$ cat structure_7.txt   # compact mmCIF, C-alpha atoms (C1' of nucleotides)
# COMPACT_ATOMS: atom_id res chain seq x y z
CA MET C 1 63.60 84.42 84.69
CA ASP C 2 61.60 86.87 86.77
CA ARG C 3 62.39 90.49 85.94
CA ARG C 4 62.65 91.23 89.65
CA GLN C 5 65.33 88.58 90.01
CA GLN C 6 67.28 89.96 87.06
CA LYS C 7 67.09 93.49 88.43
CA THR C 8 68.23 92.43 91.89
CA ARG C 9 71.05 90.25 90.56
CA GLN C 10 72.33 93.05 88.37
CA ALA C 11 72.03 95.60 91.17
CA ILE C 12 74.15 93.38 93.40
CA PHE C 13 76.72 92.81 90.65
CA ASN C 14 76.97 96.52 89.98
CA ALA C 15 77.27 97.36 93.66
CA PHE C 16 79.96 94.73 94.10
CA SER C 17 81.84 96.00 91.08
CA THR C 18 81.66 99.58 92.32
CA LEU C 19 82.94 98.60 95.75
CA LEU C 20 85.79 96.56 94.26
CA GLU C 21 87.09 99.73 92.63
CA ARG C 22 87.37 101.37 96.02
CA LYS C 23 88.52 98.59 98.36
CA SER C 24 89.74 95.02 98.39
CA PHE C 25 87.45 92.03 98.36
CA GLY C 26 88.39 90.98 101.88
CA ASN C 27 87.46 94.35 103.32
CA ILE C 28 84.07 94.58 101.65
CA THR C 29 81.19 93.53 103.89
CA VAL C 30 77.89 92.05 102.82
CA GLN C 31 76.26 95.02 104.54
CA GLU C 32 78.09 97.41 102.24
CA ILE C 33 77.02 95.48 99.15
CA ILE C 34 73.43 95.52 100.41
CA ASP C 35 73.53 99.25 101.05
CA GLU C 36 75.21 100.03 97.72
CA ALA C 37 72.79 97.79 95.81
CA ASN C 38 69.86 99.08 97.82
CA VAL C 39 68.33 95.66 98.40
CA GLY C 40 67.14 93.93 101.53
CA ARG C 41 69.39 91.72 103.56
CA SER C 42 67.27 88.62 103.07
CA THR C 43 67.17 89.34 99.34
CA PHE C 44 70.93 89.19 99.07
CA TYR C 45 71.04 85.83 100.83
CA ALA C 46 68.23 84.56 98.61
CA HIS C 47 70.51 85.13 95.63
CA PHE C 48 73.93 84.24 96.99
CA GLU C 49 74.98 81.98 99.83
CA THR C 50 78.03 84.04 100.74
CA LYS C 51 80.24 86.84 99.50
CA ASP C 52 82.48 84.22 97.92
CA SER C 53 79.56 82.80 95.95
CA LEU C 54 78.92 86.24 94.57
CA LEU C 55 82.52 86.57 93.46
CA LYS C 56 82.42 83.17 91.82
CA ALA C 57 79.13 83.93 90.05
CA MET C 58 80.59 87.15 88.72
CA CYS C 59 83.68 85.37 87.38
CA THR C 60 81.54 82.69 85.75
CA ASP C 61 79.37 85.32 84.08
CA ILE C 62 82.40 87.03 82.60
CA PHE C 63 84.05 83.83 81.38
CA GLN C 64 80.87 82.61 79.74
CA HIS C 65 81.02 85.67 77.54
CA VAL C 66 84.77 85.60 76.98
CA PHE C 67 84.93 81.91 76.10
CA SER C 68 81.53 81.73 74.45
CA ASP C 69 83.08 80.95 71.07
CA ASP C 70 84.66 77.54 71.42
CA LEU C 71 88.33 78.38 71.43
CA GLY C 72 90.50 75.59 70.16
CA LYS C 73 87.66 73.29 69.41
CA GLU C 74 88.09 73.30 65.63
CA GLY C 75 90.30 71.81 62.94
CA ASN C 76 94.05 72.04 62.54
CA HIS C 77 95.70 73.99 65.29
CA ASP C 78 99.22 72.73 65.08
CA PHE C 79 101.18 75.68 66.42
CA SER C 80 103.95 75.70 63.85
CA HIS C 81 101.52 75.93 60.96
CA ALA C 82 98.61 77.74 62.60
CA GLY C 83 100.41 80.05 65.01
CA HIS C 84 98.75 82.97 63.34
CA ASP C 85 95.29 81.45 64.00
CA PHE C 86 96.22 81.10 67.65
CA GLU C 87 97.25 84.72 67.87
CA LYS C 88 93.99 85.77 66.26
CA GLU C 89 91.95 83.79 68.74
CA LEU C 90 93.90 85.28 71.63
CA THR C 91 93.20 88.72 70.21
CA HIS C 92 89.54 87.80 70.12
CA ILE C 93 89.60 86.83 73.79
CA LEU C 94 91.39 90.07 74.62
CA TYR C 95 88.64 92.08 72.94
CA HIS C 96 86.05 90.34 75.10
CA LEU C 97 88.10 91.00 78.21
CA GLN C 98 88.47 94.62 77.21
CA ASP C 99 84.67 94.93 77.14
CA ASN C 100 84.64 93.85 80.78
CA ARG C 101 87.57 95.97 81.87
CA LYS C 102 85.46 97.97 84.32
CA ASN C 103 84.65 94.81 86.27
CA LEU C 104 88.06 93.24 85.72
CA LYS C 105 90.01 96.06 87.30
CA GLY C 106 88.39 95.37 90.64
CA LEU C 107 88.48 91.61 90.30
CA LEU C 108 92.17 91.60 89.44
CA SER C 109 93.30 93.58 92.44
CA CYS C 110 94.59 92.11 95.67
CA ASP C 111 92.77 89.21 97.29
CA SER C 112 90.02 88.71 94.74
CA GLY C 113 92.68 88.57 92.04
CA GLU C 114 93.75 85.11 93.12
CA ILE C 115 90.21 83.79 92.72
CA PHE C 116 89.68 85.35 89.31
CA MET C 117 93.08 84.29 88.01
CA GLY C 118 92.39 80.78 89.29
CA TYR C 119 89.20 80.44 87.29
CA PHE C 120 90.83 82.11 84.29
CA LYS C 121 93.67 79.61 84.33
CA GLU C 122 91.22 76.72 84.54
CA TYR C 123 89.66 77.82 81.27
CA LEU C 124 93.02 78.42 79.63
CA GLU C 125 94.32 75.04 80.70
CA GLN C 126 91.49 73.45 78.77
CA ALA C 127 91.99 75.57 75.70
CA PHE C 128 95.77 75.77 75.38
CA PRO C 129 97.13 72.21 75.19
CA ILE C 130 96.36 71.72 71.50
CA PHE C 131 98.27 74.86 70.64
CA ILE C 132 101.45 74.26 72.54
CA ASN C 133 102.13 70.84 71.09
CA GLY C 134 104.20 72.50 68.41
CA LEU C 135 106.36 74.47 70.80
CA HIS C 136 108.77 71.62 71.50
CA TYR C 137 110.24 72.89 74.70
CA ASN C 138 112.74 70.51 76.20
CA VAL C 139 110.91 70.43 79.55
CA PRO C 140 107.92 68.54 81.06
CA ALA C 141 104.68 69.14 79.19
CA ASP C 142 102.73 70.19 82.28
CA TYR C 143 105.41 72.73 83.13
CA VAL C 144 105.09 74.26 79.68
CA LEU C 145 101.32 74.34 79.99
CA ASN C 146 101.57 76.09 83.34
CA HIS C 147 104.16 78.48 81.93
CA VAL C 148 102.06 79.47 78.94
CA VAL C 149 98.79 79.68 80.88
CA CYS C 150 100.34 81.80 83.63
CA SER C 151 102.11 84.02 81.11
CA PHE C 152 98.90 84.77 79.28
CA SER C 153 96.79 85.36 82.36
CA GLU C 154 99.47 87.58 83.88
CA THR C 155 99.71 89.40 80.58
CA VAL C 156 96.02 90.18 80.88
CA ARG C 157 96.45 91.39 84.43
CA TRP C 158 99.39 93.59 83.39
CA TRP C 159 97.32 95.01 80.56
CA ILE C 160 94.10 95.70 82.47
CA THR C 161 95.79 97.11 85.55
CA GLY C 162 97.83 99.99 84.26
CA HIS C 163 98.75 99.43 80.61
CA GLU C 164 95.48 99.87 78.79
CA GLN C 165 97.08 102.11 76.16
CA TYR C 166 97.91 98.99 74.13
CA THR C 167 95.46 97.38 71.72
CA PRO C 168 94.40 93.72 71.94
CA GLU C 169 96.47 93.08 68.81
CA GLN C 170 99.57 94.56 70.43
CA ILE C 171 99.07 92.61 73.65
CA ALA C 172 98.64 89.34 71.75
CA GLY C 173 101.79 90.22 69.84
CA PHE C 174 103.80 90.83 73.02
CA PHE C 175 102.65 87.52 74.41
CA MET C 176 103.47 85.55 71.27
CA GLU C 177 106.86 87.20 71.01
CA CYS C 178 107.77 85.98 74.49
CA ILE C 179 106.30 82.51 74.10
CA ARG C 180 107.39 81.64 70.59
CA ARG C 181 110.58 79.66 70.18
CA GLN C 182 113.03 80.92 67.62
CA GLY C 183 115.13 77.79 67.14
CA MET P 1 114.99 90.01 122.09
CA ASP P 2 113.21 88.54 125.09
CA ARG P 3 112.98 84.76 124.97
CA ARG P 4 109.28 84.98 125.80
CA GLN P 5 108.69 87.16 122.79
CA GLN P 6 110.59 84.79 120.55
CA LYS P 7 108.64 81.83 121.87
CA THR P 8 105.31 83.54 121.41
CA ARG P 9 106.16 84.81 117.96
CA GLN P 10 107.28 81.38 116.86
CA ALA P 11 104.21 79.73 118.38
CA ILE P 12 101.97 82.09 116.44
CA PHE P 13 103.92 81.50 113.21
CA ASN P 14 103.69 77.75 113.67
CA ALA P 15 100.00 77.86 114.47
CA PHE P 16 99.36 80.05 111.46
CA SER P 17 101.36 77.75 109.23
CA THR P 18 99.51 74.70 110.52
CA LEU P 19 96.14 76.31 109.92
CA LEU P 20 97.14 77.41 106.42
CA GLU P 21 97.65 73.76 105.51
CA ARG P 22 94.04 73.03 106.42
CA LYS P 23 92.10 76.09 105.30
CA SER P 24 92.44 79.30 103.34
CA PHE P 25 93.75 82.53 104.81
CA GLY P 26 90.42 84.29 104.56
CA ASN P 27 88.65 81.60 106.54
CA ILE P 28 91.16 81.50 109.37
CA THR P 29 90.14 83.57 112.39
CA VAL P 30 92.39 85.24 114.91
CA GLN P 31 90.60 83.15 117.51
CA GLU P 32 91.74 79.94 115.80
CA ILE P 33 95.32 81.15 115.63
CA ILE P 34 95.21 82.01 119.33
CA ASP P 35 93.79 78.62 120.23
CA GLU P 36 96.24 76.73 118.05
CA ALA P 37 99.20 78.73 119.34
CA ASN P 38 97.90 78.53 122.88
CA VAL P 39 98.54 82.18 123.66
CA GLY P 40 96.38 84.84 125.21
CA ARG P 41 94.25 87.11 123.07
CA SER P 42 95.99 90.28 124.20
CA THR P 43 99.34 88.63 123.56
CA PHE P 44 98.52 88.09 119.92
CA TYR P 45 97.55 91.72 119.49
CA ALA P 46 100.69 92.82 121.30
CA HIS P 47 102.68 91.11 118.53
CA PHE P 48 100.58 91.78 115.44
CA GLU P 49 98.08 94.50 114.65
CA THR P 50 95.90 92.28 112.49
CA LYS P 51 95.81 88.93 110.72
CA ASP P 52 97.20 90.64 107.63
CA SER P 53 100.16 91.98 109.57
CA LEU P 54 100.95 88.43 110.62
CA LEU P 55 100.88 87.24 107.03
CA LYS P 56 103.12 90.08 105.95
CA ALA P 57 105.57 89.44 108.78
CA MET P 58 105.76 85.79 107.82
CA CYS P 59 106.47 86.64 104.18
CA THR P 60 109.12 89.16 105.19
CA ASP P 61 110.81 86.60 107.42
CA ILE P 62 111.02 84.11 104.59
CA PHE P 63 112.28 86.58 102.01
CA GLN P 64 114.97 87.89 104.31
CA HIS P 65 116.42 84.40 104.32
CA VAL P 66 115.86 83.73 100.64
CA PHE P 67 117.33 87.00 99.42
CA SER P 68 119.90 87.38 102.17
CA ASP P 69 122.79 87.04 99.71
CA ASP P 70 122.68 90.10 97.50
CA LEU P 71 121.38 88.70 94.27
CA GLY P 72 122.45 90.63 91.24
CA LYS P 73 124.43 93.15 93.19
CA GLU P 74 127.85 92.13 91.90
CA GLY P 75 130.04 92.45 88.82
CA ASN P 76 129.30 91.45 85.27
CA HIS P 77 125.77 90.12 84.83
CA ASP P 78 125.18 90.65 81.17
CA PHE P 79 122.80 87.85 80.33
CA SER P 80 124.38 86.70 77.11
CA HIS P 81 127.77 86.20 78.75
CA ALA P 82 126.73 85.40 82.29
CA GLY P 83 123.52 83.46 81.72
CA HIS P 84 125.05 80.59 83.56
CA ASP P 85 125.73 82.78 86.60
CA PHE P 86 122.11 83.83 86.55
CA GLU P 87 120.92 80.23 86.48
CA LYS P 88 123.21 79.42 89.39
CA GLU P 89 121.84 82.28 91.45
CA LEU P 90 118.29 81.21 90.71
CA THR P 91 119.17 77.70 91.81
CA HIS P 92 120.51 79.19 95.01
CA ILE P 93 117.24 80.99 95.62
CA LEU P 94 115.34 77.80 94.93
CA TYR P 95 117.35 75.95 97.57
CA HIS P 96 116.41 78.58 100.13
CA LEU P 97 112.76 78.33 99.13
CA GLN P 98 112.92 74.56 99.38
CA ASP P 99 114.02 74.92 103.00
CA ASN P 100 110.81 76.81 103.68
CA ARG P 101 108.53 74.54 101.68
CA LYS P 102 106.47 73.60 104.73
CA ASN P 103 105.45 77.23 105.24
CA LEU P 104 105.27 78.02 101.54
CA LYS P 105 102.71 75.36 100.73
CA GLY P 106 100.14 77.11 102.90
CA LEU P 107 101.15 80.60 101.86
CA LEU P 108 100.91 79.76 98.17
CA SER P 109 97.38 78.42 98.31
CA CYS P 110 94.27 80.40 97.55
CA ASP P 111 93.82 83.90 98.94
CA SER P 112 97.09 84.20 100.82
CA GLY P 113 98.88 83.19 97.62
CA GLU P 114 98.16 86.55 96.09
CA ILE P 115 99.82 88.35 99.00
CA PHE P 116 102.90 86.14 99.04
CA MET P 117 103.31 86.24 95.28
CA GLY P 118 102.96 90.01 95.41
CA TYR P 119 105.84 90.42 97.84
CA PHE P 120 107.86 87.81 95.97
CA LYS P 121 107.46 89.71 92.72
CA GLU P 122 108.51 92.95 94.40
CA TYR P 123 111.83 91.38 95.31
CA LEU P 124 112.26 89.82 91.89
CA GLU P 125 111.49 93.08 90.13
CA GLN P 126 114.42 94.64 91.93
CA ALA P 127 116.77 91.78 91.21
CA PHE P 128 115.91 90.84 87.63
CA PRO P 129 116.34 93.95 85.45
CA ILE P 130 120.13 93.67 85.15
CA PHE P 131 119.79 90.12 83.88
CA ILE P 132 117.16 90.59 81.26
CA ASN P 133 118.93 93.39 79.43
CA GLY P 134 120.53 90.81 77.21
CA LEU P 135 117.30 89.09 76.23
CA HIS P 136 116.46 91.55 73.45
CA TYR P 137 112.78 90.85 73.18
CA ASN P 138 111.05 93.06 70.66
CA VAL P 139 108.46 94.26 73.18
CA PRO P 140 108.27 96.96 75.90
CA ALA P 141 110.86 96.52 78.63
CA ASP P 142 108.37 96.61 81.48
CA TYR P 143 106.31 93.91 79.79
CA VAL P 144 109.37 91.68 79.59
CA LEU P 145 110.21 92.34 83.21
CA ASN P 146 106.66 91.43 84.23
CA HIS P 147 106.79 88.35 82.03
CA VAL P 148 110.04 87.07 83.49
CA VAL P 149 109.15 87.91 87.08
CA CYS P 150 105.74 86.25 86.81
CA SER P 151 107.19 83.24 85.04
CA PHE P 152 109.72 82.65 87.77
CA SER P 153 107.33 83.19 90.68
CA GLU P 154 104.72 80.96 89.05
CA THR P 155 107.43 78.38 88.45
CA VAL P 156 108.09 78.36 92.16
CA ARG P 157 104.40 77.99 92.91
CA TRP P 158 104.12 75.11 90.42
CA TRP P 159 107.13 73.47 91.98
CA ILE P 160 106.17 73.82 95.66
CA THR P 161 102.52 72.89 95.17
CA GLY P 162 102.58 69.47 93.61
CA HIS P 163 105.86 68.98 91.73
CA GLU P 164 108.45 68.70 94.43
CA GLN P 165 110.02 65.68 92.80
CA TYR P 166 112.26 68.02 90.79
CA THR P 167 115.54 69.41 92.12
CA PRO P 168 116.30 73.13 92.30
CA GLU P 169 118.75 72.63 89.42
CA GLN P 170 116.05 71.07 87.26
CA ILE P 171 113.53 73.80 88.07
CA ALA P 172 116.03 76.53 87.23
CA GLY P 173 116.72 74.66 84.00
CA PHE P 174 113.04 74.51 83.05
CA PHE P 175 112.69 78.21 83.70
CA MET P 176 115.75 79.18 81.70
CA GLU P 177 114.69 76.93 78.84
CA CYS P 178 111.37 78.79 78.55
CA ILE P 179 112.79 82.27 79.03
CA ARG P 180 115.94 82.05 76.94
CA ARG P 181 115.75 83.30 73.37
CA GLN P 182 117.24 81.05 70.76
CA GLY P 183 117.67 83.57 67.92
C1' DT F 1 41.16 87.44 89.32
C1' DA F 2 43.86 84.14 92.08
C1' DA F 3 48.01 81.77 93.34
C1' DA F 4 52.81 81.99 93.45
C1' DT F 5 56.85 84.39 94.05
C1' DA F 6 60.22 88.07 95.07
C1' DC F 7 60.88 91.64 97.91
C1' DA F 8 61.84 94.98 102.20
C1' DA F 9 62.18 95.71 106.96
C1' DA F 10 63.20 94.32 111.31
C1' DA F 11 64.70 91.50 114.86
C1' DC F 12 67.65 87.76 116.18
C1' DA F 13 71.52 84.56 117.90
C1' DA F 14 76.05 83.49 117.06
C1' DA F 15 80.66 84.46 116.02
C1' DG F 16 84.51 87.45 115.51
C1' DT F 17 87.23 91.80 116.47
C1' DG F 18 90.18 94.72 118.95
C1' DT F 19 90.85 96.90 123.62
C1' DT F 20 91.32 97.22 128.51
C1' DT F 21 92.01 95.54 133.17
C1' DG F 22 94.64 93.42 136.96
C1' DA F 23 97.38 89.63 138.53
C1' DT F 24 101.37 86.53 137.75
C1' DA F 25 105.62 84.91 136.05
C1' DA F 26 109.90 85.55 133.46
C1' DC F 27 113.51 88.53 132.45
C1' DA F 28 117.59 91.94 132.88
C1' DT F 29 120.65 94.35 135.70
C1' DA F 30 122.90 96.12 139.72
C1' DT K 1 120.37 88.10 145.49
C1' DA K 2 117.28 91.95 145.26
C1' DT K 3 114.73 95.15 142.27
C1' DG K 4 112.52 97.17 138.60
C1' DT K 5 110.88 96.03 133.99
C1' DT K 6 108.37 93.54 130.71
C1' DA K 7 105.69 89.72 128.61
C1' DT K 8 102.10 86.98 129.46
C1' DC K 9 97.30 85.33 130.60
C1' DA K 10 92.50 85.40 131.72
C1' DA K 11 88.43 87.76 131.74
C1' DA K 12 85.31 91.08 130.48
C1' DC K 13 83.91 94.71 127.23
C1' DA K 14 81.65 97.23 123.37
C1' DC K 15 81.36 96.68 118.76
C1' DT K 16 80.82 94.74 114.03
C1' DT K 17 79.50 91.22 110.92
C1' DT K 18 77.06 87.21 109.64
C1' DG K 19 73.32 84.38 108.27
C1' DT K 20 68.41 83.20 109.56
C1' DT K 21 63.68 84.01 110.42
C1' DT K 22 59.35 86.37 110.40
C1' DT K 23 55.75 89.31 108.66
C1' DG K 24 53.58 92.18 105.46
C1' DT K 25 53.59 94.08 100.66
C1' DA K 26 54.24 94.41 95.69
C1' DT K 27 54.97 92.11 91.42
C1' DT K 28 54.60 88.47 88.22
C1' DT K 29 52.43 84.53 86.12
C1' DA K 30 48.68 81.58 84.76
$ encode --input "structure_7.txt" --output "structure tokens"
Amino acid sequence: MDRRQQKTRQAIFNAFSTLLERKSFGNITVQEIIDEANVGRSTFYAHFETKDSLLKAMCTDIFQHVFSDDLGKEGNHDFSHAGHDFEKELTHILYHLQDNRKNLKGLLSCDSGEIFMGYFKEYLEQAFPIFINGLHYNVPADYVLNHVVCSFSETVRWWITGHEQYTPEQIAGFFMECIRRQG
Amino acid sequence: MDRRQQKTRQAIFNAFSTLLERKSFGNITVQEIIDEANVGRSTFYAHFETKDSLLKAMCTDIFQHVFSDDLGKEGNHDFSHAGHDFEKELTHILYHLQDNRKNLKGLLSCDSGEIFMGYFKEYLEQAFPIFINGLHYNVPADYVLNHVVCSFSETVRWWITGHEQYTPEQIAGFFMECIRRQG
DNA sequence: TAAATACAAAACAAAGTGTTTGATAACATA
DNA sequence: TATGTTATCAAACACTTTGTTTTGTATTTA
């Protein structure tokens, strides 16, 4: 890819990220992104169709890193026997998310939060089913999946936005403690 | 309150609700709301400062009905002894929400979802603490509160958007089953 | 070196925002 | 019923934002 393209794309991402720390997604204008990134108007629209496309591209970029190692794609992941493996993989994900915390803080606030969390849940819904088979809740399977996926993604939001004093290991532990059945 | 005001306010609410079924909050313009409600431009702005104010007003209206009975304000609500009371109160809330399901479907989708869920969680965070004292999770109290509040609000979202075949009693049961500790 | 590509700057139409004006109709009260 | 008040509408407005187009320049690639 052309170096110029890379530079421009990164400049726009950085500008967007900076602005997201100051104000909500809905109140950020393309003009502001252009000014902050110091690129031409036509250049922005050559890279992204709309402001929403930019947001989506940014989410995709992050998730490609976070889920780069194929979570849940290998061997025996029966929860009851491999619960510890699951917790380790979650910790791994949390470390990746922590690397992106600067971007995440903005993405997780207010109106862009819904978009980010939506994409996040899509990934988790693909990765989680094999692990929750062993949970044996006495409720519909898709409710459990939603429950676990939402709990984890909201755990991440809680962590990144205001409780960063905890380590990935601790956060994974909190989550497992609340999800795990005792009976 | 003047009948004309009531009529206008309701017309705007209805128009807004109708539009929310078709498109996301961010893509709805004030102009569309005005056209759909068939009111004058200046009339809209006499009632609401901005589109966001309208959304907030609509959420507030709904919650005032849903939480009209003082949840968790009375007597003995220790979870371990009064868990059944808690489940009954949640069921009660779910019935109220079911009455508003036409409005909720739109409010819970995409970018307005974040706003609604935010207000919803604010209410729940006030009402839930007394009930979760008995849960005895081995994790920070504010994490548990966030976990329970998010679980319930996401349960409602799951229910309203695509799983309305379940009764309020069933939904409350699913939630309690996933939240309750066995040990 | 030559062709292709990415860029900046500027101008543009179109759409949306929020306010103000004056006239009309609905309301409350005496 | 008569009178003053208030909500409404339509129209016009200055303003902001959007997304496109054009032209000339700088960078990359082959």
$ residues_near_point --input "structure_7.txt" --point "(82.3, 94.8, 124.3)" --cutoff "10 Å" --atoms "only C-alpha atoms (C1' of nucleotides)" --output "list in words"
DT17, DG18 and DT19 of chain F; DA12, DC13, DA14 and DC15 of chain K
$ write_last_selection --input "structure_7.txt" --atoms "C-alpha atoms (C1' of nucleotides)" --output "PDB file, in the coordinates of the input"
ATOM      1  C1'  DT F  17      87.230  91.800 116.470  1.00  0.00           C
ATOM      2  C1'  DG F  18      90.180  94.720 118.950  1.00  0.00           C
ATOM      3  C1'  DT F  19      90.850  96.900 123.620  1.00  0.00           C
TER       4       DT F  19
ATOM      5  C1'  DA K  12      85.310  91.080 130.480  1.00  0.00           C
ATOM      6  C1'  DC K  13      83.910  94.710 127.230  1.00  0.00           C
ATOM      7  C1'  DA K  14      81.650  97.230 123.370  1.00  0.00           C
ATOM      8  C1'  DC K  15      81.360  96.680 118.760  1.00  0.00           C
TER       9       DC K  15
END
$ closest_atom_pairs --input "structure_7.txt" --of "chain K" --to "chain C" --cutoff "9 Å" --atoms "only C-alpha atoms (C1' of nucleotides)" --output "tab-separated table"
residue	atom	partner	partner_atom	distance
K:DT17	C1'	C:Thr29	CA	7.6
K:DT18	C1'	C:Val30	CA	8.4
K:DG19	C1'	C:Tyr45	CA	7.9
K:DT20	C1'	C:Ser42	CA	8.5
K:DT27	C1'	C:Arg4	CA	7.9
K:DT28	C1'	C:Asp2	CA	7.3
$ interface_residues --input "structure_7.txt" --of "chain F" --to "chain P" --cutoff "8 Å" --atoms "all atoms listed in the file" --output "list of chain:residue names"
F:DG16, F:DG18, F:DA26, F:DC27
$ write_last_selection --input "structure_7.txt" --atoms "C-alpha atoms (C1' of nucleotides)" --output "short mmCIF file (atom, residue, chain, number, x, y, z; two decimals), in the frame of the given file"
data_model
loop_
_atom_site.label_atom_id
_atom_site.label_comp_id
_atom_site.auth_asym_id
_atom_site.auth_seq_id
_atom_site.Cartn_x
_atom_site.Cartn_y
_atom_site.Cartn_z
"C1'" DG F 16 84.51 87.45 115.51
"C1'" DG F 18 90.18 94.72 118.95
"C1'" DA F 26 109.90 85.55 133.46
"C1'" DC F 27 113.51 88.53 132.45
#
$ residues_around --input "structure_7.txt" --residues "region 93-95 of chain P" --least-positions-apart "5" --cutoff "8 Å" --atoms "all atoms listed in the file" --output "PyMOL selection string"
chain P and resi 66-67+156+168+172
$ atom_distance --input "structure_7.txt" --atom1 "CA of Leu97 (chain C)" --atom2 "CA of Arg157 (chain P)"
25.5 Å
$ atom_distance --input "structure_7.txt" --atom1 "CA of Lys121 (chain C)" --atom2 "CA of Val149 (chain C)"
6.2 Å
$ closest_atom_pairs --input "structure_7.txt" --of "chain P" --to "chain C" --cutoff "9 Å" --atoms "all atoms listed in the file" --output "JSON lines"
{"residue": "P:Gly26", "atom": "CA", "partner": "C:Gly26", "partner_atom": "CA", "distance": 7.5}
{"residue": "P:Cys110", "atom": "CA", "partner": "C:Glu114", "partner_atom": "CA", "distance": 6.5}
{"residue": "P:Asp111", "atom": "CA", "partner": "C:Asp111", "partner_atom": "CA", "distance": 5.7}
{"residue": "P:Ser112", "atom": "CA", "partner": "C:Asp111", "partner_atom": "CA", "distance": 7.5}
{"residue": "P:Gly113", "atom": "CA", "partner": "C:Glu114", "partner_atom": "CA", "distance": 7.1}
{"residue": "P:Glu114", "atom": "CA", "partner": "C:Glu114", "partner_atom": "CA", "distance": 5.5}
{"residue": "P:Ile115", "atom": "CA", "partner": "C:Cys110", "partner_atom": "CA", "distance": 7.3}
{"residue": "P:Gly118", "atom": "CA", "partner": "C:Cys110", "partner_atom": "CA", "distance": 8.6}
{"residue": "P:Tyr137", "atom": "CA", "partner": "C:Cys178", "partner_atom": "CA", "distance": 7.1}
{"residue": "P:Asn138", "atom": "CA", "partner": "C:Glu177", "partner_atom": "CA", "distance": 7.2}
{"residue": "P:Val139", "atom": "CA", "partner": "C:Phe174", "partner_atom": "CA", "distance": 5.8}
{"residue": "P:Pro140", "atom": "CA", "partner": "C:Phe174", "partner_atom": "CA", "distance": 8.1}
{"residue": "P:Tyr143", "atom": "CA", "partner": "C:Trp158", "partner_atom": "CA", "distance": 7.8}
{"residue": "P:Val144", "atom": "CA", "partner": "C:Cys178", "partner_atom": "CA", "distance": 7.8}
{"residue": "P:Asn146", "atom": "CA", "partner": "C:Trp158", "partner_atom": "CA", "distance": 7.6}
{"residue": "P:His147", "atom": "CA", "partner": "C:Ser151", "partner_atom": "CA", "distance": 6.4}
{"residue": "P:Val148", "atom": "CA", "partner": "C:Ser151", "partner_atom": "CA", "distance": 8.8}
{"residue": "P:Cys150", "atom": "CA", "partner": "C:Glu154", "partner_atom": "CA", "distance": 7.0}
{"residue": "P:Ser151", "atom": "CA", "partner": "C:His147", "partner_atom": "CA", "distance": 6.4}
{"residue": "P:Glu154", "atom": "CA", "partner": "C:Cys150", "partner_atom": "CA", "distance": 7.0}
{"residue": "P:Thr155", "atom": "CA", "partner": "C:His147", "partner_atom": "CA", "distance": 7.3}
{"residue": "P:Trp158", "atom": "CA", "partner": "C:Asn146", "partner_atom": "CA", "distance": 7.6}
{"residue": "P:Gly173", "atom": "CA", "partner": "C:Val139", "partner_atom": "CA", "distance": 8.5}
{"residue": "P:Phe174", "atom": "CA", "partner": "C:Val139", "partner_atom": "CA", "distance": 5.8}
{"residue": "P:Phe175", "atom": "CA", "partner": "C:His147", "partner_atom": "CA", "distance": 8.7}
{"residue": "P:Glu177", "atom": "CA", "partner": "C:Asn138", "partner_atom": "CA", "distance": 7.2}
{"residue": "P:Cys178", "atom": "CA", "partner": "C:Tyr137", "partner_atom": "CA", "distance": 7.1}
{"residue": "P:Ile179", "atom": "CA", "partner": "C:Cys178", "partner_atom": "CA", "distance": 7.7}
{"residue": "P:Arg180", "atom": "CA", "partner": "C:Arg181", "partner_atom": "CA", "distance": 9.0}
{"residue": "P:Arg181", "atom": "CA", "partner": "C:Gln182", "partner_atom": "CA", "distance": 6.8}
{"residue": "P:Gln182", "atom": "CA", "partner": "C:Gln182", "partner_atom": "CA", "distance": 5.3}
{"residue": "P:Gly183", "atom": "CA", "partner": "C:Gln182", "partner_atom": "CA", "distance": 5.4}
$ write_last_selection --input "structure_7.txt" --atoms "C-alpha atoms" --output "CSV table (one decimal), in the coordinates of the input"
chain,number,residue,atom,x,y,z
P,26,GLY,CA,90.4,84.3,104.6
P,110,CYS,CA,94.3,80.4,97.6
P,111,ASP,CA,93.8,83.9,98.9
P,112,SER,CA,97.1,84.2,100.8
P,113,GLY,CA,98.9,83.2,97.6
P,114,GLU,CA,98.2,86.6,96.1
P,115,ILE,CA,99.8,88.4,99.0
P,118,GLY,CA,103.0,90.0,95.4
P,137,TYR,CA,112.8,90.8,73.2
P,138,ASN,CA,111.0,93.1,70.7
P,139,VAL,CA,108.5,94.3,73.2
P,140,PRO,CA,108.3,97.0,75.9
P,143,TYR,CA,106.3,93.9,79.8
P,144,VAL,CA,109.4,91.7,79.6
P,146,ASN,CA,106.7,91.4,84.2
P,147,HIS,CA,106.8,88.4,82.0
P,148,VAL,CA,110.0,87.1,83.5
P,150,CYS,CA,105.7,86.2,86.8
P,151,SER,CA,107.2,83.2,85.0
P,154,GLU,CA,104.7,81.0,89.0
P,155,THR,CA,107.4,78.4,88.4
P,158,TRP,CA,104.1,75.1,90.4
P,173,GLY,CA,116.7,74.7,84.0
P,174,PHE,CA,113.0,74.5,83.0
P,175,PHE,CA,112.7,78.2,83.7
P,177,GLU,CA,114.7,76.9,78.8
P,178,CYS,CA,111.4,78.8,78.6
P,179,ILE,CA,112.8,82.3,79.0
P,180,ARG,CA,115.9,82.0,76.9
P,181,ARG,CA,115.8,83.3,73.4
P,182,GLN,CA,117.2,81.0,70.8
P,183,GLY,CA,117.7,83.6,67.9
